[in-house]
>>> print(open('run_3.cif').read())   # mmCIF, C-alpha atoms and all ligand atoms
data_my_file
loop_
_atom_site.group_PDB
_atom_site.id
_atom_site.type_symbol
_atom_site.label_atom_id
_atom_site.label_comp_id
_atom_site.auth_asym_id
_atom_site.auth_seq_id
_atom_site.Cartn_x
_atom_site.Cartn_y
_atom_site.Cartn_z
ATOM 1 C CA MET S 1 18.618 4.318 -22.325
ATOM 2 C CA ASN S 2 22.363 4.054 -22.907
ATOM 3 C CA ASP S 3 21.852 0.790 -24.753
ATOM 4 C CA CYS S 4 19.594 2.321 -27.392
ATOM 5 C CA LEU S 5 21.439 3.127 -30.612
ATOM 6 C CA PHE S 6 19.233 6.071 -31.568
ATOM 7 C CA CYS S 7 19.259 7.536 -28.043
ATOM 8 C CA ARG S 8 23.053 7.441 -28.260
ATOM 9 C CA ILE S 9 22.971 9.129 -31.675
ATOM 10 C CA ILE S 10 20.616 11.835 -30.345
ATOM 11 C CA ALA S 11 22.970 12.361 -27.389
ATOM 12 C CA GLY S 12 25.915 12.689 -29.769
ATOM 13 C CA ASP S 13 27.698 9.652 -28.337
ATOM 14 C CA ILE S 14 27.575 7.988 -31.750
ATOM 15 C CA PRO S 15 28.225 10.124 -34.831
ATOM 16 C CA SER S 16 25.521 10.760 -37.393
ATOM 17 C CA THR S 17 24.837 13.138 -40.237
ATOM 18 C CA LYS S 18 22.187 15.413 -38.785
ATOM 19 C CA VAL S 19 19.767 17.083 -41.168
ATOM 20 C CA TYR S 20 17.296 18.571 -38.663
ATOM 21 C CA GLU S 21 16.890 19.083 -34.931
ATOM 22 C CA ASP S 22 14.469 20.811 -32.614
ATOM 23 C CA ASP S 23 13.534 20.345 -28.977
ATOM 24 C CA LYS S 24 11.539 17.177 -29.667
ATOM 25 C CA VAL S 25 12.934 15.791 -32.928
ATOM 26 C CA PHE S 26 16.247 14.594 -34.333
ATOM 27 C CA ALA S 27 16.688 13.627 -37.997
ATOM 28 C CA PHE S 28 19.774 12.134 -39.610
ATOM 29 C CA ARG S 29 20.855 10.233 -42.713
ATOM 30 C CA ASP S 30 20.333 6.480 -42.770
ATOM 31 C CA ILE S 31 23.671 4.658 -42.785
ATOM 32 C CA ASN S 32 22.360 2.266 -45.463
ATOM 33 C CA PRO S 33 20.323 4.503 -47.765
ATOM 34 C CA GLN S 34 17.647 2.904 -49.941
ATOM 35 C CA ALA S 35 17.290 5.983 -52.151
ATOM 36 C CA PRO S 36 19.269 9.172 -52.865
ATOM 37 C CA VAL S 37 17.493 10.736 -49.877
ATOM 38 C CA HIS S 38 16.934 8.465 -46.881
ATOM 39 C CA VAL S 39 16.484 10.323 -43.607
ATOM 40 C CA LEU S 40 15.439 8.869 -40.259
ATOM 41 C CA ILE S 41 13.132 11.131 -38.260
ATOM 42 C CA VAL S 42 13.014 10.196 -34.586
ATOM 43 C CA PRO S 43 11.461 11.631 -31.438
ATOM 44 C CA LYS S 44 14.086 12.535 -28.848
ATOM 45 C CA LYS S 45 11.885 10.823 -26.292
ATOM 46 C CA HIS S 46 12.599 7.101 -26.293
ATOM 47 C CA LEU S 47 9.599 5.151 -27.561
ATOM 48 C CA ALA S 48 10.377 1.586 -28.584
ATOM 49 C CA SER S 49 7.943 1.481 -31.472
ATOM 50 C CA ALA S 50 4.635 2.768 -32.793
ATOM 51 C CA ASN S 51 3.025 0.485 -30.225
ATOM 52 C CA GLU S 52 4.097 2.931 -27.527
ATOM 53 C CA ILE S 53 2.369 5.930 -29.090
ATOM 54 C CA GLY S 54 -0.221 7.258 -26.674
ATOM 55 C CA GLU S 55 -1.753 10.267 -25.008
ATOM 56 C CA ASP S 56 1.397 11.174 -23.068
ATOM 57 C CA ASN S 57 3.660 11.360 -26.116
ATOM 58 C CA LEU S 58 1.421 12.601 -28.934
ATOM 59 C CA GLY S 59 3.316 15.887 -28.957
ATOM 60 C CA ASP S 60 6.587 14.077 -29.590
ATOM 61 C CA VAL S 61 5.106 12.060 -32.439
ATOM 62 C CA ALA S 62 3.326 15.058 -33.926
ATOM 63 C CA ALA S 63 6.591 16.995 -33.846
ATOM 64 C CA CYS S 64 8.182 14.347 -36.070
ATOM 65 C CA PHE S 65 5.498 14.893 -38.694
ATOM 66 C CA ALA S 66 5.529 18.642 -38.270
ATOM 67 C CA ALA S 67 9.201 18.550 -39.255
ATOM 68 C CA VAL S 68 8.546 16.606 -42.463
ATOM 69 C CA PRO S 69 7.776 19.498 -44.855
ATOM 70 C CA GLN S 70 10.856 21.428 -43.768
ATOM 71 C CA ILE S 71 13.121 18.392 -44.103
ATOM 72 C CA ALA S 72 11.574 17.426 -47.439
ATOM 73 C CA ALA S 73 12.103 20.939 -48.756
ATOM 74 C CA SER S 74 15.690 21.141 -47.572
ATOM 75 C CA GLU S 75 16.367 17.748 -49.182
ATOM 76 C CA GLY S 76 14.882 18.901 -52.479
ATOM 77 C CA LEU S 77 12.000 16.433 -52.498
ATOM 78 C CA SER S 78 9.621 18.656 -54.439
ATOM 79 C CA GLU S 79 8.536 15.733 -56.637
ATOM 80 C CA GLY S 80 7.340 13.652 -53.705
ATOM 81 C CA TYR S 81 8.545 11.230 -51.081
ATOM 82 C CA ARG S 82 7.491 8.322 -48.918
ATOM 83 C CA ILE S 83 7.307 8.028 -45.129
ATOM 84 C CA ILE S 84 7.644 4.514 -43.711
ATOM 85 C CA ASN S 85 7.474 3.095 -40.213
ATOM 86 C CA ASN S 86 8.299 -0.524 -39.475
ATOM 87 C CA CYS S 87 6.654 -1.604 -36.216
ATOM 88 C CA GLY S 88 7.900 -4.825 -34.696
ATOM 89 C CA ALA S 89 10.262 -7.538 -35.835
ATOM 90 C CA ALA S 90 7.786 -9.098 -38.257
ATOM 91 C CA ALA S 91 7.544 -5.753 -40.045
ATOM 92 C CA GLY S 92 11.320 -5.460 -40.244
ATOM 93 C CA GLN S 93 11.976 -3.095 -37.346
ATOM 94 C CA THR S 94 15.608 -3.530 -36.367
ATOM 95 C CA VAL S 95 16.181 -0.516 -34.100
ATOM 96 C CA MET S 96 13.757 -0.374 -31.196
ATOM 97 C CA HIS S 97 13.464 3.404 -31.028
ATOM 98 C CA LEU S 98 10.487 4.784 -32.953
ATOM 99 C CA HIS S 99 11.597 6.231 -36.269
ATOM 100 C CA PHE S 100 10.093 7.296 -39.551
ATOM 101 C CA HIS S 101 11.985 6.702 -42.785
ATOM 102 C CA LEU S 102 11.739 9.640 -45.191
ATOM 103 C CA ILE S 103 12.680 8.336 -48.616
ATOM 104 C CA GLY S 104 12.882 10.072 -51.960
ATOM 105 C CA GLY S 105 15.107 11.567 -54.602
ATOM 106 C CA ARG S 106 14.148 9.037 -57.249
ATOM 107 C CA THR S 107 10.942 7.579 -58.629
ATOM 108 C CA LEU S 108 9.742 5.130 -56.010
ATOM 109 C CA GLY S 109 8.544 1.885 -57.461
ATOM 110 C CA GLU S 110 6.798 -1.012 -55.803
ATOM 111 C CA LYS S 111 4.209 -0.226 -53.221
ATOM 112 C CA ILE S 112 2.581 -2.491 -50.682
ATOM 113 C CA ILE S 113 -0.443 -0.221 -50.476
HETATM 114 P P1 LIG N 201 14.252 -0.297 -39.235
HETATM 115 O O1 LIG N 201 14.761 -1.518 -39.961
HETATM 116 O O2 LIG N 201 12.937 0.200 -39.733
HETATM 117 O O3 LIG N 201 14.276 -0.510 -37.738
HETATM 118 O O4 LIG N 201 15.272 0.876 -39.573
HETATM 119 C C1 LIG N 201 16.489 1.015 -38.926
HETATM 120 C C2 LIG N 201 17.372 1.810 -39.831
HETATM 121 O O5 LIG N 201 18.448 2.303 -39.072
HETATM 122 C C3 LIG N 201 17.957 1.018 -40.988
HETATM 123 O O6 LIG N 201 17.525 1.584 -42.225
HETATM 124 C C4 LIG N 201 19.462 1.150 -40.788
HETATM 125 O O7 LIG N 201 20.173 1.300 -41.995
HETATM 126 C C5 LIG N 201 19.562 2.392 -39.920
HETATM 127 N N1 LIG N 201 20.742 2.494 -39.087
HETATM 128 C C6 LIG N 201 21.276 1.542 -38.294
HETATM 129 N N2 LIG N 201 22.354 2.013 -37.646
HETATM 130 C C7 LIG N 201 22.498 3.302 -38.045
HETATM 131 C C8 LIG N 201 23.430 4.353 -37.729
HETATM 132 N N3 LIG N 201 24.453 4.160 -36.865
HETATM 133 N N4 LIG N 201 23.281 5.549 -38.336
HETATM 134 C C9 LIG N 201 22.264 5.754 -39.210
HETATM 135 N N5 LIG N 201 21.359 4.828 -39.531
HETATM 136 C C10 LIG N 201 21.471 3.609 -38.970
HETATM 137 ZN ZN ZN N 202 16.095 5.231 -27.730
#
>>> encode(input="run_3.cif", output="structure tokens")
Amino acid sequence: MNDCLFCRIIAGDIPSTKVYEDDKVFAFRDINPQAPVHVLIVPKKHLASANEIGEDNLGDVAACFAAVPQIAASEGLSEGYRIINNCGAAAGQTVMHLHFHLIGGRTLGEKII
């Protein structure tokens, strides 16, 4: 998966600002933050999108969510935050490696749901 941007970031081939790492999860600051805190939480296992979530990778996906409280706490998001996943081009997914945006640090306004 040398051609995947996030796989290359996880491997350390492309620099990033890491905020969390364990055996299944890598989290780093978004290069184009939409809020004071904008962290991308990604499974180390390459999954192209949420469409590839299934029985054989539930542990990798669960690990991303299990890391959320620790990351939120270390980022000072005691007032709340939002987790967003864009799945597919029509939803705005631009990097085809499953990732969850963790956004906060200001009052978040418009909501779709
Ligand atoms: P999405 O549009 O949901 O696929 O999200 C992809 C995100 O990756 C965007 O918010 C980009 O700003 C972010 N991004 C792209 N390249 C990098 C990079 N080299 N380091 C950190 N974040 C990046
Ligand atoms: Zn990848």
>>> resolve_selection(input="run_3.cif", expression="the PyMOL selection byres (((not hetatm)) within 6 of (chain N and resi 201))", output="list of chain:residue names")
S:Ser16, S:Arg29, S:Asp30, S:Ile31, S:Asn32, S:Asn86, S:Gly92, S:Gln93, S:Thr94, S:Val95
>>> resolve_selection(input="run_3.cif", expression="the PyMOL selection byres (((not hetatm)) within 12 of (chain N and resi 202))", output="ChimeraX atom specification")
/S:1-11,26,42-49,95-99
>>> residues_around(input="run_3.cif", residues="Val25 of chain S", least_positions_apart="4", cutoff="8 Å", atoms="all atoms listed in the file", output="list of chain:residue names")
S:Tyr20, S:Glu21, S:Ile41, S:Val42, S:Pro43, S:Lys44, S:Asp60, S:Ala63, S:Cys64, S:Ala67
>>> resolve_selection(input="run_3.cif", expression="the PyMOL selection byres (((chain S and resi 69) around 12) and not hetatm)", output="list in words")
Tyr20, Ile41, Ala63, Cys64, Phe65, Ala66, Ala67, Val68, Gln70, Ile71, Ala72, Ala73, Ser74, Glu75, Gly76, Leu77, Ser78, Gly80, Tyr81, Arg82, Ile83 and Leu102 of chain S
>>> atom_distance(input="run_3.cif", atom1="atom CA of Ala89 of chain S", atom2="atom CA of Asn57 of chain S")
22.3 Å
>>> closest_residue(input="run_3.cif", among="S:Arg106, S:Lys18, S:Lys24, S:Lys111", to="Val37 of chain S", atoms="all atoms listed in the file")
S:Arg106
>>> residues_around(input="run_3.cif", residues="Thr107 of chain S", least_positions_apart="2", cutoff="10 Å", atoms="only C-alpha atoms", output="VMD selection string")
chain S and resid 35 79 to 81 104 to 105 109 to 110
>>> atom_distance(input="run_3.cif", atom1="atom CA of Asn85 of chain S", atom2="atom CA of Pro36 of chain S")
18.3 Å
>>> closest_residue(input="run_3.cif", among="S:Phe28, S:Asp23, S:Val39, S:Gly88", to="Gly59 of chain S", atoms="only C-alpha atoms")
S:Asp23
>>> build_atoms(input="run_3.cif", residues="segment 23-36 of chain S", atoms="N, CA, C and O atoms", output="mmCIF file, keeping the file's coordinate frame")
data_model
loop_
_atom_site.group_PDB
_atom_site.id
_atom_site.type_symbol
_atom_site.label_atom_id
_atom_site.label_comp_id
_atom_site.auth_asym_id
_atom_site.auth_seq_id
_atom_site.Cartn_x
_atom_site.Cartn_y
_atom_site.Cartn_z
ATOM 1 N N ASP S 23 13.539 20.812 -30.373
ATOM 2 C CA ASP S 23 13.534 20.345 -28.977
ATOM 3 C C ASP S 23 12.957 18.941 -28.824
ATOM 4 O O ASP S 23 13.270 18.253 -27.850
ATOM 5 N N LYS S 24 12.173 18.490 -29.787
ATOM 6 C CA LYS S 24 11.539 17.177 -29.667
ATOM 7 C C LYS S 24 11.998 16.156 -30.708
ATOM 8 O O LYS S 24 11.709 14.964 -30.566
ATOM 9 N N VAL S 25 12.677 16.623 -31.745
ATOM 10 C CA VAL S 25 12.934 15.791 -32.928
ATOM 11 C C VAL S 25 14.403 15.827 -33.313
ATOM 12 O O VAL S 25 15.053 16.880 -33.212
ATOM 13 N N PHE S 26 14.909 14.689 -33.760
ATOM 14 C CA PHE S 26 16.247 14.594 -34.333
ATOM 15 C C PHE S 26 16.106 13.827 -35.645
ATOM 16 O O PHE S 26 15.396 12.811 -35.699
ATOM 17 N N ALA S 27 16.745 14.303 -36.696
ATOM 18 C CA ALA S 27 16.688 13.627 -37.997
ATOM 19 C C ALA S 27 18.094 13.546 -38.576
ATOM 20 O O ALA S 27 18.859 14.508 -38.512
ATOM 21 N N PHE S 28 18.411 12.382 -39.131
ATOM 22 C CA PHE S 28 19.774 12.134 -39.610
ATOM 23 C C PHE S 28 19.726 11.146 -40.771
ATOM 24 O O PHE S 28 18.732 10.433 -40.970
ATOM 25 N N ARG S 29 20.826 11.094 -41.525
ATOM 26 C CA ARG S 29 20.855 10.233 -42.713
ATOM 27 C C ARG S 29 20.999 8.765 -42.307
ATOM 28 O O ARG S 29 21.796 8.430 -41.424
ATOM 29 N N ASP S 30 20.213 7.920 -42.999
ATOM 30 C CA ASP S 30 20.333 6.480 -42.770
ATOM 31 C C ASP S 30 21.708 6.020 -43.254
ATOM 32 O O ASP S 30 22.195 6.445 -44.296
ATOM 33 N N ILE S 31 22.321 5.138 -42.469
ATOM 34 C CA ILE S 31 23.671 4.658 -42.785
ATOM 35 C C ILE S 31 23.659 3.725 -43.997
ATOM 36 O O ILE S 31 24.703 3.509 -44.618
ATOM 37 N N ASN S 32 22.500 3.204 -44.333
ATOM 38 C CA ASN S 32 22.360 2.266 -45.463
ATOM 39 C C ASN S 32 21.214 2.731 -46.359
ATOM 40 O O ASN S 32 20.154 2.114 -46.424
ATOM 41 N N PRO S 33 21.439 3.853 -47.063
ATOM 42 C CA PRO S 33 20.323 4.503 -47.765
ATOM 43 C C PRO S 33 19.723 3.639 -48.867
ATOM 44 O O PRO S 33 20.439 2.998 -49.631
ATOM 45 N N GLN S 34 18.388 3.668 -48.932
ATOM 46 C CA GLN S 34 17.647 2.904 -49.941
ATOM 47 C C GLN S 34 17.228 3.776 -51.120
ATOM 48 O O GLN S 34 16.563 3.295 -52.047
ATOM 49 N N ALA S 35 17.609 5.029 -51.085
ATOM 50 C CA ALA S 35 17.290 5.983 -52.151
ATOM 51 C C ALA S 35 18.264 7.154 -51.989
ATOM 52 O O ALA S 35 18.953 7.254 -50.961
ATOM 53 N N PRO S 36 18.347 8.040 -52.993
ATOM 54 C CA PRO S 36 19.269 9.172 -52.865
ATOM 55 C C PRO S 36 19.049 9.984 -51.592
ATOM 56 O O PRO S 36 20.004 10.514 -51.028
#
